[in-house]
Amino acid sequence: MEVEKMDENEWKYHGEGNQSLVVSHCQRCVVLRFLKSPPNQNKTPEEILHHLQNIVDFGKHVMKQFFGENYVHHGEIIQLPLDFVRQLCLKIQPERPECRCDKDMDTLSGYAMCLPNLTRLQPFRFAEHRPILCIEIKPKCGFIPFSSHVSQEIKHKVCRYCMHQHLKVANGKWKRPSKYCPLDLFSGNKQRMHFALKSLLQEAQNNLKIFKNGELIYGCKDDQDCVSDWNELARHLKPFFFPSNGLVSGPHCTRTVVKELIHVITMALLSSTDTCRAGDMKTVPISQGRSYCEASAFNKELVRNGKHKLESSGLPRGCLLYKTLQAQMLDMLDIEGLYPLYSRVEQYLEEFPEERSTLQIDGPYNEAFYEKLLDLSLEDDGTVAFALTKVQQYRIAMTAKDCSIMIALSPCLQDECSEQRPVVLTSKSRFTFSVSVLDLDLKPYESIPHQYKLDGEIVNYYMKNVQAKEDPVMSNLFKENEDCTLVLHKV
């Protein structure tokens, strides 16, 4: 792609995270990702290139092994004319949320990552003329900690996401807690998954966004700007799901369209769109775990209806949710068990700072790095090697806990849908679709102390301000435990 020949006006602001800013092309199915840095702290071009190369290598050699060839799009590094980059920066600056403007887009190195636009079908080979609907979901952590290092029993009963909601509301980030619970989405039970998705649609926060032809039509642009008008959403979606019937407006139409949307998302999440098959699959028992969260609004509704049995159908092994959960479960010790091992590595580095590169803490993220992650032993022999392996596994798990899943849908006629593309049916329509995963940058080694401190704040706030006020009957819910296993395999 000859980016230097494209006018900067053909690109538009697409979004950004803590470390990077993304622009997308108005016509082509590509995005450019630029690194950001605080003012007056610009990195050298060599440092920018090294950082970007680490991101590409990590996706290519590590995360693609966990998620599969078809789900991960690691992109490539390109070098752009500096004048093009500066003009592009000036164009998009007014569109950036104020809360993101504390860091500047890199305009000095000319390096950027070129990636496919995951709001479009992948691979992008046909249906360019068709309207495209894309749902972005950030599912968060889908399991309850099973580690014996957990010091507070509440962590064995209530998931991190549900506890964190209350602290975020108290800190003013959100106006109200969401009813969404990740364990419902990861359950594989369609009734629970439907409830989880409906909860996300009701209170999207930054966990759900919907795009039409690449434009955000539903969700939060930033922490303060939330759009949650179901009637407006139904107006956008009706042509996709009911192209020719008489449902025009009203609450019945809105509920029907949203119900169809939830059905399509559920079927796409449970599908397997990766043709890779596990060669030497190893199933490693971990511990007794549970597939439900006592704080889930779905669970509480069961109790109100006099039911105490929670069904968990389980996820198909080939689907992206299953693979995401397995990567998350590399957090085998919980942050409470992991932090002393991090301290052991830190103490070693203080004594031997030159060993940091040998330990591959900052890369290179190659096949050798991946192979070390497959050691699932929990027997601590007191070595730095053991501690480092658990630290790196934790970083992978944290990456998987914060990734986003992109579901791109395009209407297709029966004679247009080939066997090469997966199809999902609704009552009046059929869609060809693709499922991808993004936001797979390895979580920083330096963030572990922050995670340890935040974990304590979340749990302490919940115990003091929420648990004490809960109905005592809720504490007796769901006594049964279920086996929890970790599956690692090459794909």
# chains A, B, ... in the order shown; residues from 1 in each chain; ligands from 1
$ residues_around --residues "Met267 of chain A" --least-positions-apart "2" --cutoff "10 Å" --atoms "only C-alpha atoms" --output "JSON, numbers by chain"
{"A": [190, 262, 263, 264, 265, 269, 270, 271, 272, 423, 424, 425]}
$ select_by_dssp --residues "segment 356-474 of chain A" --states "strand (DSSP E or B)" --output "PyMOL selection string"
chain A and resi 361+363+404-411+423-425+430-438
$ closest_residue --among "A:Ile55, A:Ala234, A:Met329, A:Glu294" --to "Gln467 of chain A" --atoms "only C-alpha atoms"
A:Glu294
$ atom_distance --atom1 "atom CA of Lys453 of chain A" --atom2 "atom CA of Glu336 of chain A"
9.9 Å
$ residues_around --residues "segment 200-205 of chain A" --least-positions-apart "5" --cutoff "12 Å" --atoms "only C-alpha atoms" --output "ChimeraX atom specification"
/A:135-139,165,168-169,173-182,184-185,193-195,210,218-231,233-234,255,258-259,261-262,265
$ write_last_selection --atoms "C-alpha atoms" --output "JSON list (two decimals), in the first residue's frame"
[["chain", "number", "residue", "atom", "x", "y", "z"],
["A", 135, "ILE", "CA", -19.75, -5.37, 17.31],
["A", 136, "GLU", "CA", -16.70, -4.85, 19.53],
["A", 137, "ILE", "CA", -16.82, -6.60, 22.91],
["A", 138, "LYS", "CA", -14.25, -6.37, 25.68],
["A", 139, "PRO", "CA", -15.29, -9.48, 27.65],
["A", 165, "GLN", "CA", -17.85, -1.97, 39.10],
["A", 168, "LYS", "CA", -15.55, 2.64, 39.57],
["A", 169, "VAL", "CA", -18.97, 4.06, 40.40],
["A", 173, "LYS", "CA", -15.99, 6.85, 36.36],
["A", 174, "TRP", "CA", -19.47, 5.46, 35.72],
["A", 175, "LYS", "CA", -22.89, 6.62, 36.90],
["A", 176, "ARG", "CA", -24.20, 3.16, 37.77],
["A", 177, "PRO", "CA", -22.87, -0.42, 37.94],
["A", 178, "SER", "CA", -23.45, -2.66, 34.95],
["A", 179, "LYS", "CA", -25.42, -5.90, 35.29],
["A", 180, "TYR", "CA", -22.94, -7.54, 32.95],
["A", 181, "CYS", "CA", -20.90, -10.39, 34.43],
["A", 182, "PRO", "CA", -18.13, -11.95, 32.31],
["A", 184, "ASP", "CA", -22.25, -15.37, 32.18],
["A", 185, "LEU", "CA", -20.79, -14.62, 28.75],
["A", 193, "MET", "CA", -24.98, -15.32, 27.34],
["A", 194, "HIS", "CA", -28.12, -13.53, 26.16],
["A", 195, "PHE", "CA", -28.51, -11.93, 29.59],
["A", 210, "ILE", "CA", -21.22, -1.06, 17.56],
["A", 218, "TYR", "CA", -23.45, 2.87, 19.75],
["A", 219, "GLY", "CA", -21.21, 2.87, 22.81],
["A", 220, "CYS", "CA", -18.77, 5.19, 24.55],
["A", 221, "LYS", "CA", -16.33, 7.38, 22.68],
["A", 222, "ASP", "CA", -14.68, 8.08, 26.04],
["A", 223, "ASP", "CA", -15.50, 7.75, 29.74],
["A", 224, "GLN", "CA", -17.86, 10.72, 29.70],
["A", 225, "ASP", "CA", -19.59, 10.30, 26.34],
["A", 226, "CYS", "CA", -21.99, 7.35, 26.47],
["A", 227, "VAL", "CA", -24.73, 6.71, 23.93],
["A", 228, "SER", "CA", -27.36, 4.14, 24.96],
["A", 229, "ASP", "CA", -30.51, 4.94, 22.98],
["A", 230, "TRP", "CA", -31.99, 1.57, 22.02],
["A", 231, "ASN", "CA", -34.55, 3.16, 19.72],
["A", 233, "LEU", "CA", -29.82, 1.68, 17.65],
["A", 234, "ALA", "CA", -32.86, -0.22, 16.36],
["A", 255, "ARG", "CA", -37.07, -5.21, 21.45],
["A", 258, "VAL", "CA", -32.20, -6.06, 19.82],
["A", 259, "LYS", "CA", -33.20, -9.70, 20.40],
["A", 261, "LEU", "CA", -28.78, -8.76, 17.40],
["A", 262, "ILE", "CA", -28.11, -10.67, 20.63],
["A", 265, "ILE", "CA", -23.63, -12.16, 18.47]]
$ residues_around --residues "segment 343-356 of chain A" --least-positions-apart "5" --cutoff "7 Å" --atoms "only C-alpha atoms" --output "list of chain:residue names"
A:Ile361, A:Val384, A:Ala387, A:Leu388
$ closest_residue --among "A:Asn206, A:Ser151, A:Thr324, A:Asn9" --to "Cys403 of chain A" --atoms "only C-alpha atoms"
A:Thr324
$ closest_residue --among "A:Ile132, A:Cys99, A:Leu88, A:Cys162" --to "Cys412 of chain A" --atoms "only C-alpha atoms"
A:Ile132
$ atom_distance --atom1 "atom CA of Asp104 of chain A" --atom2 "atom CA of Gln360 of chain A"
28.4 Å
